[in-house]
file query.cif (mmCIF, C-alpha atoms and all ligand atoms)
data_query
loop_
_atom_site.group_PDB
_atom_site.id
_atom_site.type_symbol
_atom_site.label_atom_id
_atom_site.label_comp_id
_atom_site.auth_asym_id
_atom_site.auth_seq_id
_atom_site.Cartn_x
_atom_site.Cartn_y
_atom_site.Cartn_z
ATOM 1 C CA MET O 78 201.066 -42.831 265.615
ATOM 2 C CA PRO O 79 198.491 -44.362 268.031
ATOM 3 C CA GLU O 80 199.851 -46.756 270.618
ATOM 4 C CA MET O 81 198.910 -50.269 269.546
ATOM 5 C CA ALA O 82 198.588 -52.974 272.167
ATOM 6 C CA PRO O 83 199.130 -56.494 270.854
ATOM 7 C CA ARG O 84 195.854 -58.440 271.093
ATOM 8 C CA THR O 85 194.967 -62.054 270.676
ATOM 9 C CA THR O 86 191.295 -61.617 271.734
ATOM 10 C CA PRO O 87 188.465 -59.691 270.033
ATOM 11 C CA GLY O 88 188.364 -56.001 270.987
ATOM 12 C CA LEU O 89 186.276 -52.900 270.234
ATOM 13 C CA ALA O 90 186.242 -51.833 266.582
ATOM 14 C CA ARG O 91 184.933 -48.238 266.710
ATOM 15 C CA ILE O 92 182.319 -46.001 268.334
ATOM 16 C CA ASP O 93 178.912 -46.930 266.932
ATOM 17 C CA HIS O 94 176.829 -44.431 268.876
ATOM 18 C CA VAL O 95 176.438 -42.348 271.991
ATOM 19 C CA GLY O 96 173.145 -42.796 273.828
ATOM 20 C CA ILE O 97 171.621 -39.682 275.354
ATOM 21 C CA ALA O 98 168.766 -39.840 277.849
ATOM 22 C CA CYS O 99 166.022 -37.267 277.448
ATOM 23 C CA ARG O 100 162.526 -36.594 278.731
ATOM 24 C CA ASP O 101 161.015 -35.393 275.452
ATOM 25 C CA LEU O 102 162.222 -37.248 272.361
ATOM 26 C CA ALA O 103 160.483 -34.996 269.813
ATOM 27 C CA GLU O 104 161.962 -31.876 271.388
ATOM 28 C CA LYS O 105 165.505 -33.310 271.444
ATOM 29 C CA ILE O 106 165.232 -34.598 267.859
ATOM 30 C CA ALA O 107 164.257 -31.098 266.737
ATOM 31 C CA PHE O 108 167.282 -29.646 268.556
ATOM 32 C CA TYR O 109 169.786 -32.110 267.059
ATOM 33 C CA GLN O 110 168.291 -31.637 263.584
ATOM 34 C CA ASP O 111 167.821 -27.883 263.550
ATOM 35 C CA VAL O 112 170.846 -26.755 265.555
ATOM 36 C CA PHE O 113 173.420 -29.518 264.979
ATOM 37 C CA GLY O 114 172.385 -30.542 261.459
ATOM 38 C CA LEU O 115 171.950 -34.276 262.096
ATOM 39 C CA ALA O 116 169.325 -36.380 260.302
ATOM 40 C CA VAL O 117 167.030 -39.040 261.765
ATOM 41 C CA VAL O 118 167.610 -42.396 260.069
ATOM 42 C CA SER O 119 165.569 -44.609 262.390
ATOM 43 C CA ARG O 120 162.870 -44.380 265.076
ATOM 44 C CA GLU O 121 161.935 -47.431 267.130
ATOM 45 C CA THR O 122 160.229 -48.500 270.331
ATOM 46 C CA ASN O 123 162.109 -51.261 272.157
ATOM 47 C CA GLU O 124 159.767 -52.715 274.802
ATOM 48 C CA GLU O 125 162.416 -55.070 276.188
ATOM 49 C CA GLN O 126 164.760 -52.121 276.869
ATOM 50 C CA GLY O 127 161.925 -49.806 277.945
ATOM 51 C CA VAL O 128 162.741 -47.055 275.468
ATOM 52 C CA ARG O 129 161.488 -45.068 272.540
ATOM 53 C CA GLU O 130 164.538 -44.033 270.560
ATOM 54 C CA ALA O 131 165.841 -42.297 267.462
ATOM 55 C CA MET O 132 169.158 -42.727 265.648
ATOM 56 C CA LEU O 133 170.603 -39.615 264.010
ATOM 57 C CA GLN O 134 173.386 -39.587 261.463
ATOM 58 C CA PHE O 135 176.024 -36.987 260.621
ATOM 59 C CA PRO O 136 176.173 -35.150 257.284
ATOM 60 C CA LEU O 137 179.812 -36.250 256.754
ATOM 61 C CA ARG O 138 179.377 -39.949 257.321
ATOM 62 C CA SER O 139 181.261 -43.076 256.433
ATOM 63 C CA PRO O 140 178.842 -45.593 254.859
ATOM 64 C CA GLU O 141 181.148 -48.485 255.803
ATOM 65 C CA ALA O 142 181.509 -47.392 259.405
ATOM 66 C CA PRO O 143 178.580 -45.154 260.369
ATOM 67 C CA SER O 144 178.228 -43.552 263.785
ATOM 68 C CA TYR O 145 175.142 -42.114 265.388
ATOM 69 C CA VAL O 146 173.690 -40.050 268.166
ATOM 70 C CA GLN O 147 170.955 -42.110 269.810
ATOM 71 C CA LEU O 148 168.259 -40.181 271.668
ATOM 72 C CA LEU O 149 166.453 -42.216 274.333
ATOM 73 C CA GLU O 150 163.111 -41.488 276.006
ATOM 74 C CA PRO O 151 161.928 -43.928 278.687
ATOM 75 C CA LEU O 152 158.650 -45.833 278.316
ATOM 76 C CA GLY O 153 158.125 -45.466 282.066
ATOM 77 C CA PRO O 154 159.814 -44.600 285.369
ATOM 78 C CA ASP O 155 160.762 -48.191 286.208
ATOM 79 C CA THR O 156 163.011 -48.679 283.183
ATOM 80 C CA PRO O 157 166.792 -48.208 282.876
ATOM 81 C CA VAL O 158 166.461 -44.777 281.265
ATOM 82 C CA GLY O 159 163.538 -43.772 283.528
ATOM 83 C CA LYS O 160 165.602 -44.564 286.626
ATOM 84 C CA PHE O 161 168.651 -42.808 285.163
ATOM 85 C CA LEU O 162 166.640 -39.619 284.509
ATOM 86 C CA ALA O 163 165.226 -39.649 288.040
ATOM 87 C CA LYS O 164 168.702 -40.053 289.579
ATOM 88 C CA ARG O 165 170.926 -38.031 287.270
ATOM 89 C CA GLY O 166 168.695 -36.018 284.934
ATOM 90 C CA GLU O 167 169.150 -35.696 281.184
ATOM 91 C CA GLY O 168 172.540 -36.426 279.656
ATOM 92 C CA LEU O 169 174.966 -39.018 278.356
ATOM 93 C CA HIS O 170 173.571 -42.460 279.175
ATOM 94 C CA HIS O 171 175.914 -44.905 277.445
ATOM 95 C CA VAL O 172 178.566 -45.399 274.779
ATOM 96 C CA GLY O 173 177.951 -48.050 272.114
ATOM 97 C CA TYR O 174 180.993 -49.700 270.509
ATOM 98 C CA ALA O 175 180.855 -51.800 267.367
ATOM 99 C CA VAL O 176 182.328 -55.288 267.595
ATOM 100 C CA PRO O 177 182.678 -57.744 264.713
ATOM 101 C CA ASP O 178 181.461 -60.744 266.749
ATOM 102 C CA ILE O 179 179.404 -59.936 269.838
ATOM 103 C CA ALA O 180 179.378 -63.472 271.243
ATOM 104 C CA ALA O 181 183.167 -63.627 271.023
ATOM 105 C CA ALA O 182 183.471 -60.165 272.577
ATOM 106 C CA LEU O 183 181.200 -61.121 275.503
ATOM 107 C CA ALA O 184 183.191 -64.297 276.082
ATOM 108 C CA SER O 185 186.474 -62.395 275.937
ATOM 109 C CA PHE O 186 185.416 -59.515 278.215
ATOM 110 C CA GLY O 187 183.686 -61.888 280.656
ATOM 111 C CA ALA O 188 186.849 -63.993 280.842
ATOM 112 C CA ALA O 189 188.815 -60.790 281.566
ATOM 113 C CA GLY O 190 186.572 -60.244 284.613
ATOM 114 C CA VAL O 191 184.394 -57.453 283.196
ATOM 115 C CA ARG O 192 180.905 -57.477 284.776
ATOM 116 C CA LEU O 193 178.361 -58.337 282.075
ATOM 117 C CA ILE O 194 174.743 -57.158 282.263
ATOM 118 C CA ASP O 195 173.805 -59.350 279.304
ATOM 119 C CA GLU O 196 175.291 -62.846 279.039
ATOM 120 C CA ARG O 197 173.910 -63.167 275.525
ATOM 121 C CA PRO O 198 173.024 -60.686 272.772
ATOM 122 C CA ARG O 199 169.633 -58.935 272.658
ATOM 123 C CA HIS O 200 167.743 -57.069 269.960
ATOM 124 C CA GLY O 201 168.913 -53.489 269.429
ATOM 125 C CA SER O 202 168.289 -50.559 267.152
ATOM 126 C CA MET O 203 168.275 -51.014 263.360
ATOM 127 C CA GLY O 204 168.557 -54.804 263.528
ATOM 128 C CA ALA O 205 171.790 -54.876 265.544
ATOM 129 C CA ALA O 206 172.618 -57.437 268.214
ATOM 130 C CA ILE O 207 173.496 -55.636 271.447
ATOM 131 C CA ALA O 208 174.755 -56.434 274.935
ATOM 132 C CA PHE O 209 175.557 -54.190 277.896
ATOM 133 C CA LEU O 210 178.567 -54.178 280.254
ATOM 134 C CA HIS O 211 177.923 -52.871 283.780
ATOM 135 C CA PRO O 212 179.168 -49.329 284.445
ATOM 136 C CA ALA O 213 180.732 -50.534 287.706
ATOM 137 C CA GLY O 214 183.152 -52.635 285.643
ATOM 138 C CA VAL O 215 183.995 -49.924 283.091
ATOM 139 C CA GLY O 216 184.952 -46.927 285.196
ATOM 140 C CA GLY O 217 181.395 -45.646 285.592
ATOM 141 C CA VAL O 218 180.507 -45.798 281.884
ATOM 142 C CA LEU O 219 177.528 -47.917 280.857
ATOM 143 C CA THR O 220 178.987 -49.671 277.815
ATOM 144 C CA GLU O 221 177.062 -51.280 274.979
ATOM 145 C CA LEU O 222 178.487 -53.728 272.468
ATOM 146 C CA VAL O 223 176.884 -53.502 269.032
ATOM 147 C CA GLN O 224 177.139 -56.022 266.255
ATOM 148 C CA PRO O 225 175.534 -54.488 263.164
ATOM 149 C CA PRO O 226 173.161 -56.719 261.163
ATOM 150 C CA GLY O 227 174.566 -59.085 258.573
ATOM 151 C CA SER O 228 177.232 -60.720 260.758
ATOM 152 C CA SER O 229 177.243 -64.111 262.451
ATOM 153 C CA SER O 230 175.892 -63.841 266.075
ATOM 154 C CA ARG O 231 172.129 -63.699 266.631
ATOM 155 C CA ALA O 232 170.190 -61.857 269.340
ATOM 156 C CA GLY O 233 167.746 -63.905 271.397
HETATM 157 C C1 LIG E 301 172.863 -46.600 286.374
HETATM 158 N N1 LIG E 301 174.096 -46.347 286.773
HETATM 159 C C2 LIG E 301 174.811 -45.818 285.770
HETATM 160 C C3 LIG E 301 173.912 -45.771 284.681
HETATM 161 N N2 LIG E 301 172.707 -46.254 285.070
HETATM 162 N N3 LIG E 301 176.081 -45.415 285.690
HETATM 163 C C4 LIG E 301 176.496 -44.918 284.500
HETATM 164 N N4 LIG E 301 175.678 -44.832 283.402
HETATM 165 C C5 LIG E 301 174.407 -45.239 283.465
HETATM 166 N N5 LIG E 301 173.630 -45.162 282.387
HETATM 167 C C6 LIG E 301 174.658 -46.578 288.106
HETATM 168 C C7 LIG E 301 173.843 -45.881 289.184
HETATM 169 O O1 LIG E 301 174.255 -44.530 289.323
HETATM 170 C C8 LIG E 301 174.185 -46.703 290.398
HETATM 171 O O2 LIG E 301 175.467 -46.385 290.845
HETATM 172 C C9 LIG E 301 174.252 -48.120 289.821
HETATM 173 O O3 LIG E 301 174.543 -47.954 288.427
HETATM 174 C C10 LIG E 301 172.926 -48.857 289.982
HETATM 175 O O4 LIG E 301 171.935 -48.047 289.407
HETATM 176 P P1 LIG E 301 170.354 -48.186 289.665
HETATM 177 O O5 LIG E 301 169.705 -46.898 289.365
HETATM 178 O O6 LIG E 301 170.112 -48.824 291.017
HETATM 179 O O7 LIG E 301 169.882 -49.117 288.546
HETATM 180 P P2 LIG E 301 169.965 -50.654 288.361
HETATM 181 O O8 LIG E 301 171.084 -51.282 289.138
HETATM 182 O O9 LIG E 301 168.592 -51.204 288.519
HETATM 183 O O10 LIG E 301 170.354 -50.687 286.816
HETATM 184 C C11 LIG E 301 171.536 -50.101 286.298
HETATM 185 C C12 LIG E 301 171.888 -50.852 285.015
HETATM 186 C C13 LIG E 301 170.660 -50.843 284.098
HETATM 187 C C14 LIG E 301 173.093 -50.149 284.386
HETATM 188 C C15 LIG E 301 172.293 -52.308 285.396
HETATM 189 O O11 LIG E 301 170.309 -49.506 283.776
HETATM 190 C C16 LIG E 301 170.829 -51.660 282.849
HETATM 191 O O12 LIG E 301 170.674 -52.892 282.851
HETATM 192 N N6 LIG E 301 171.135 -50.996 281.702
HETATM 193 C C17 LIG E 301 171.321 -51.691 280.429
HETATM 194 C C18 LIG E 301 170.093 -51.597 279.589
HETATM 195 C C19 LIG E 301 169.760 -50.170 279.196
HETATM 196 O O13 LIG E 301 170.343 -49.206 279.708
HETATM 197 N N7 LIG E 301 168.754 -50.014 278.273
HETATM 198 C C20 LIG E 301 168.372 -48.711 277.763
HETATM 199 C C21 LIG E 301 169.089 -48.394 276.478
HETATM 200 P P3 LIG E 301 175.783 -46.260 292.402
HETATM 201 O O14 LIG E 301 177.199 -45.812 292.452
HETATM 202 O O15 LIG E 301 174.788 -45.278 292.913
HETATM 203 O O16 LIG E 301 175.556 -47.661 292.937
HETATM 204 S S1 LIG E 301 168.528 -49.493 275.218
HETATM 205 C C22 LIG E 301 169.434 -49.170 273.860
HETATM 206 O O17 LIG E 301 170.281 -48.304 273.888
HETATM 207 C C23 LIG E 301 169.103 -50.030 272.643
HETATM 208 C C24 LIG E 301 167.698 -49.780 272.186
HETATM 209 C C25 LIG E 301 170.099 -49.843 271.485
HETATM 210 O O18 LIG E 301 171.132 -49.148 271.605
HETATM 211 O O19 LIG E 301 169.853 -50.426 270.414
#
call {"tool": "encode", "arguments": {"input": "query.cif", "output": "structure tokens"}}
result
Amino acid sequence: MPEMAPRTTPGLARIDHVGIACRDLAEKIAFYQDVFGLAVVSRETNEEQGVREAMLQFPLRSPEAPSYVQLLEPLGPDTPVGKFLAKRGEGLHHVGYAVPDIAAALASFGAAGVRLIDERPRHGSMGAAIAFLHPAGVGGVLTELVQPPGSSSRAG
């Protein structure tokens, strides 16, 4: 049995995706498709976040609670992923967790003293509302909150 902490505030629901920084998106997509058997379900360019990205899904997936590998190529060197690649090279960039209400989650985590990068939700992949928590406040892990489309909070 997992240990269950009693909660009165909104928490993380599940892992939505892991974001992986790469220099050549097409090359990494081919690797994840051909070697690992994942399938691309979305490709987008997000100018605000400075990335070109692809979401890949697993063959054994849960339609109610999907999870993805997100491959991220920077649009330039002076972007979050561009700077990350220059400093650390290719690899795990962030973990994205699904939350049922992103505004409530931001309020709750901010009140708990977690350092927020985004005070309000922004536009993310596949119509989701997203917001980042600073890695310095989460043990060195850049953490993304994801509210899938069709729920109440809106990105702005
Ligand atoms: C930087 N740092 C990281 C990190 N990026 N630590 C863990 N994981 C990462 N991904 C650390 C650096 O090593 C450094 O630590 C400190 O943070 C400051 O780094 P910096 O290179 O000086 O960069 P900053 O401060 O200008 O920016 C870092 C920050 C930024 C995390 C605030 O990258 C940011 O705002 N990220 C959120 C947006 C983002 O990543 N967008 C791309 C994915 P030391 O110890 O040396 O001080 S967009 C996305 O994924 C969307 C499309 C979606 O999912 O739908």
call {"tool": "resolve_selection", "arguments": {"input": "query.cif", "expression": "the PyMOL selection byres (((chain O and resi 203-219) around 9) and not hetatm)", "output": "mmCIF file with C-alpha atoms, keeping the file's coordinate frame"}}
result
data_model
loop_
_atom_site.group_PDB
_atom_site.id
_atom_site.type_symbol
_atom_site.label_atom_id
_atom_site.label_comp_id
_atom_site.auth_asym_id
_atom_site.auth_seq_id
_atom_site.Cartn_x
_atom_site.Cartn_y
_atom_site.Cartn_z
ATOM 1 C CA SER O 119 165.569 -44.609 262.390
ATOM 2 C CA ARG O 120 162.870 -44.380 265.076
ATOM 3 C CA GLU O 121 161.935 -47.431 267.130
ATOM 4 C CA MET O 132 169.158 -42.727 265.648
ATOM 5 C CA HIS O 170 173.571 -42.460 279.175
ATOM 6 C CA HIS O 171 175.914 -44.905 277.445
ATOM 7 C CA VAL O 172 178.566 -45.399 274.779
ATOM 8 C CA GLY O 173 177.951 -48.050 272.114
ATOM 9 C CA ILE O 179 179.404 -59.936 269.838
ATOM 10 C CA LEU O 183 181.200 -61.121 275.503
ATOM 11 C CA PHE O 186 185.416 -59.515 278.215
ATOM 12 C CA GLY O 190 186.572 -60.244 284.613
ATOM 13 C CA VAL O 191 184.394 -57.453 283.196
ATOM 14 C CA ARG O 192 180.905 -57.477 284.776
ATOM 15 C CA LEU O 193 178.361 -58.337 282.075
ATOM 16 C CA ILE O 194 174.743 -57.158 282.263
ATOM 17 C CA ASP O 195 173.805 -59.350 279.304
ATOM 18 C CA GLU O 196 175.291 -62.846 279.039
ATOM 19 C CA ARG O 197 173.910 -63.167 275.525
ATOM 20 C CA PRO O 198 173.024 -60.686 272.772
ATOM 21 C CA ARG O 199 169.633 -58.935 272.658
ATOM 22 C CA HIS O 200 167.743 -57.069 269.960
ATOM 23 C CA GLY O 201 168.913 -53.489 269.429
ATOM 24 C CA SER O 202 168.289 -50.559 267.152
ATOM 25 C CA THR O 220 178.987 -49.671 277.815
ATOM 26 C CA GLU O 221 177.062 -51.280 274.979
ATOM 27 C CA LEU O 222 178.487 -53.728 272.468
ATOM 28 C CA VAL O 223 176.884 -53.502 269.032
ATOM 29 C CA GLN O 224 177.139 -56.022 266.255
ATOM 30 C CA PRO O 225 175.534 -54.488 263.164
ATOM 31 C CA PRO O 226 173.161 -56.719 261.163
ATOM 32 C CA GLY O 227 174.566 -59.085 258.573
ATOM 33 C CA SER O 230 175.892 -63.841 266.075
ATOM 34 C CA ARG O 231 172.129 -63.699 266.631
ATOM 35 C CA ALA O 232 170.190 -61.857 269.340
ATOM 36 C CA GLY O 233 167.746 -63.905 271.397
#
call {"tool": "residues_around", "arguments": {"input": "query.cif", "residues": "O:Gln147", "least_positions_apart": "3", "cutoff": "8 Å", "atoms": "only C-alpha atoms", "output": "list in words"}}
result
His94, Val95, Gly96, Ile97, Glu130, Ala131, Met132 and Leu133 of chain O
call {"tool": "atom_distance", "arguments": {"input": "query.cif", "atom1": "atom CA of O:Gly168", "atom2": "atom O2 of ligand LIG 301 (chain E)"}}
result
15.3 Å
call {"tool": "residues_near_point", "arguments": {"input": "query.cif", "point": "(162.8, -38.0, 270.3)", "cutoff": "9 Å", "atoms": "all atoms listed in the file", "output": "PyMOL selection string"}}
result
chain O and resi 99-107+120+129-131+148-150
call {"tool": "resolve_selection", "arguments": {"input": "query.cif", "expression": "the PyMOL selection byres (((chain O and resi 114) around 12) and not hetatm)", "output": "list in words"}}
result
Ile106, Ala107, Phe108, Tyr109, Gln110, Asp111, Val112, Phe113, Leu115, Ala116, Val117, Leu133, Gln134, Phe135, Pro136, Leu137 and Val146 of chain O
call {"tool": "resolve_selection", "arguments": {"input": "query.cif", "expression": "the PyMOL selection byres (((chain O and resi 93) around 7) and not hetatm)", "output": "ChimeraX atom specification"}}
result
/O:91-92,94,143-145,173-175
call {"tool": "axis_aligned_box", "arguments": {"input": "query.cif", "around": "ligand LIG 301 (chain E)", "padding_each_side": "3 Å", "output": "JSON"}}
result
{"center_x": 172.4, "center_y": -48.7, "center_z": 281.7, "size_x": 15.5, "size_y": 14.4, "size_z": 28.5}
call {"tool": "residues_around", "arguments": {"input": "query.cif", "residues": "O:Leu152", "least_positions_apart": "5", "cutoff": "8 Å", "atoms": "only C-alpha atoms", "output": "list in words"}}
result
Glu124, Gly127, Val128, Arg129 and Gly159 of chain O
call {"tool": "write_last_selection", "arguments": {"input": "query.cif", "atoms": "C-alpha atoms", "output": "PDB file, keeping the file's coordinate frame"}}
result
ATOM      1  CA  GLU O 124     159.767 -52.715 274.802  1.00  0.00           C
ATOM      2  CA  GLY O 127     161.925 -49.806 277.945  1.00  0.00           C
ATOM      3  CA  VAL O 128     162.741 -47.055 275.468  1.00  0.00           C
ATOM      4  CA  ARG O 129     161.488 -45.068 272.540  1.00  0.00           C
ATOM      5  CA  GLY O 159     163.538 -43.772 283.528  1.00  0.00           C
TER       6      GLY O 159
END
call {"tool": "atom_distance", "arguments": {"input": "query.cif", "atom1": "atom CA of O:Glu80", "atom2": "atom CA of O:Val176"}}
result
19.7 Å
call {"tool": "atom_distance", "arguments": {"input": "query.cif", "atom1": "atom O18 of ligand LIG 301 (chain E)", "atom2": "atom CA of O:Gln126"}}
result
8.8 Å
call {"tool": "closest_residue", "arguments": {"input": "query.cif", "among": "O:Ala98, O:Ala189, O:Ala181, O:Ala142", "to": "O:Lys160", "atoms": "all atoms listed in the file"}}
result
O:Ala98
call {"tool": "closest_residue", "arguments": {"input": "query.cif", "among": "O:Val118, O:Ala90, O:Ala163, O:Val158", "to": "ligand LIG 301 (chain E)", "atoms": "only C-alpha atoms and all ligand atoms"}}
result
O:Val158
call {"tool": "decode", "arguments": {"input": "query.cif", "residues": "stretch 154-175 of chain O", "atoms": "N, CA, C and O atoms", "output": "compact mmCIF listing (two decimals), in the first residue's frame"}}
result
# COMPACT_ATOMS: atom_id res chain seq x y z
N PRO O 154 19.62 30.07 -29.18
CA PRO O 154 20.47 29.86 -28.01
C PRO O 154 19.97 30.59 -26.76
O PRO O 154 20.18 30.14 -25.65
N ASP O 155 19.29 31.71 -26.94
CA ASP O 155 18.86 32.50 -25.79
C ASP O 155 17.42 32.16 -25.40
O ASP O 155 16.56 33.04 -25.27
N THR O 156 17.16 30.89 -25.25
CA THR O 156 15.85 30.38 -24.83
C THR O 156 16.12 29.43 -23.67
O THR O 156 17.26 28.99 -23.47
N PRO O 157 15.10 29.06 -22.89
CA PRO O 157 15.35 28.13 -21.78
C PRO O 157 16.03 26.84 -22.22
O PRO O 157 17.02 26.41 -21.60
N VAL O 158 15.56 26.23 -23.28
CA VAL O 158 16.17 24.95 -23.71
C VAL O 158 17.53 25.19 -24.37
O VAL O 158 18.46 24.40 -24.20
N GLY O 159 17.68 26.31 -25.09
CA GLY O 159 18.97 26.64 -25.70
C GLY O 159 20.05 26.82 -24.63
O GLY O 159 21.17 26.30 -24.75
N LYS O 160 19.70 27.54 -23.56
CA LYS O 160 20.65 27.76 -22.47
C LYS O 160 20.97 26.45 -21.73
O LYS O 160 22.10 26.19 -21.35
N PHE O 161 19.93 25.64 -21.56
CA PHE O 161 20.11 24.34 -20.88
C PHE O 161 21.08 23.46 -21.68
O PHE O 161 21.99 22.86 -21.11
N LEU O 162 20.90 23.40 -23.00
CA LEU O 162 21.78 22.58 -23.84
C LEU O 162 23.22 23.06 -23.76
O LEU O 162 24.15 22.25 -23.69
N ALA O 163 23.39 24.39 -23.77
CA ALA O 163 24.75 24.94 -23.72
C ALA O 163 25.43 24.60 -22.39
O ALA O 163 26.63 24.31 -22.35
N LYS O 164 24.65 24.62 -21.30
CA LYS O 164 25.23 24.37 -19.97
C LYS O 164 25.37 22.89 -19.65
O LYS O 164 26.37 22.46 -19.08
N ARG O 165 24.35 22.12 -19.99
CA ARG O 165 24.29 20.73 -19.51
C ARG O 165 24.30 19.69 -20.61
O ARG O 165 24.43 18.50 -20.32
N GLY O 166 24.06 20.10 -21.85
CA GLY O 166 23.97 19.14 -22.95
C GLY O 166 22.59 18.50 -23.00
O GLY O 166 21.69 18.84 -22.23
N GLU O 167 22.43 17.55 -23.90
CA GLU O 167 21.13 16.90 -24.08
C GLU O 167 20.75 16.08 -22.85
O GLU O 167 21.62 15.57 -22.15
N GLY O 168 19.44 15.98 -22.60
CA GLY O 168 19.00 15.14 -21.48
C GLY O 168 17.69 15.60 -20.91
O GLY O 168 16.97 16.43 -21.50
N LEU O 169 17.37 15.04 -19.74
CA LEU O 169 16.08 15.33 -19.09
C LEU O 169 16.01 16.80 -18.70
O LEU O 169 16.85 17.29 -17.94
N HIS O 170 15.01 17.50 -19.21
CA HIS O 170 14.88 18.94 -18.98
C HIS O 170 13.88 19.26 -17.89
O HIS O 170 14.11 20.13 -17.06
N HIS O 171 12.72 18.59 -17.90
CA HIS O 171 11.72 18.85 -16.86
C HIS O 171 10.76 17.67 -16.73
O HIS O 171 10.70 16.79 -17.59
N VAL O 172 10.02 17.68 -15.61
CA VAL O 172 8.94 16.71 -15.42
C VAL O 172 7.63 17.51 -15.38
O VAL O 172 7.53 18.53 -14.68
N GLY O 173 6.66 17.04 -16.16
CA GLY O 173 5.34 17.70 -16.19
C GLY O 173 4.32 16.86 -15.43
O GLY O 173 4.15 15.67 -15.73
N TYR O 174 3.67 17.45 -14.44
CA TYR O 174 2.65 16.76 -13.65
C TYR O 174 1.27 17.32 -13.97
O TYR O 174 1.10 18.55 -14.01
N ALA O 175 0.32 16.43 -14.14
CA ALA O 175 -1.06 16.88 -14.35
C ALA O 175 -1.65 17.33 -13.02
O ALA O 175 -1.40 16.74 -11.97
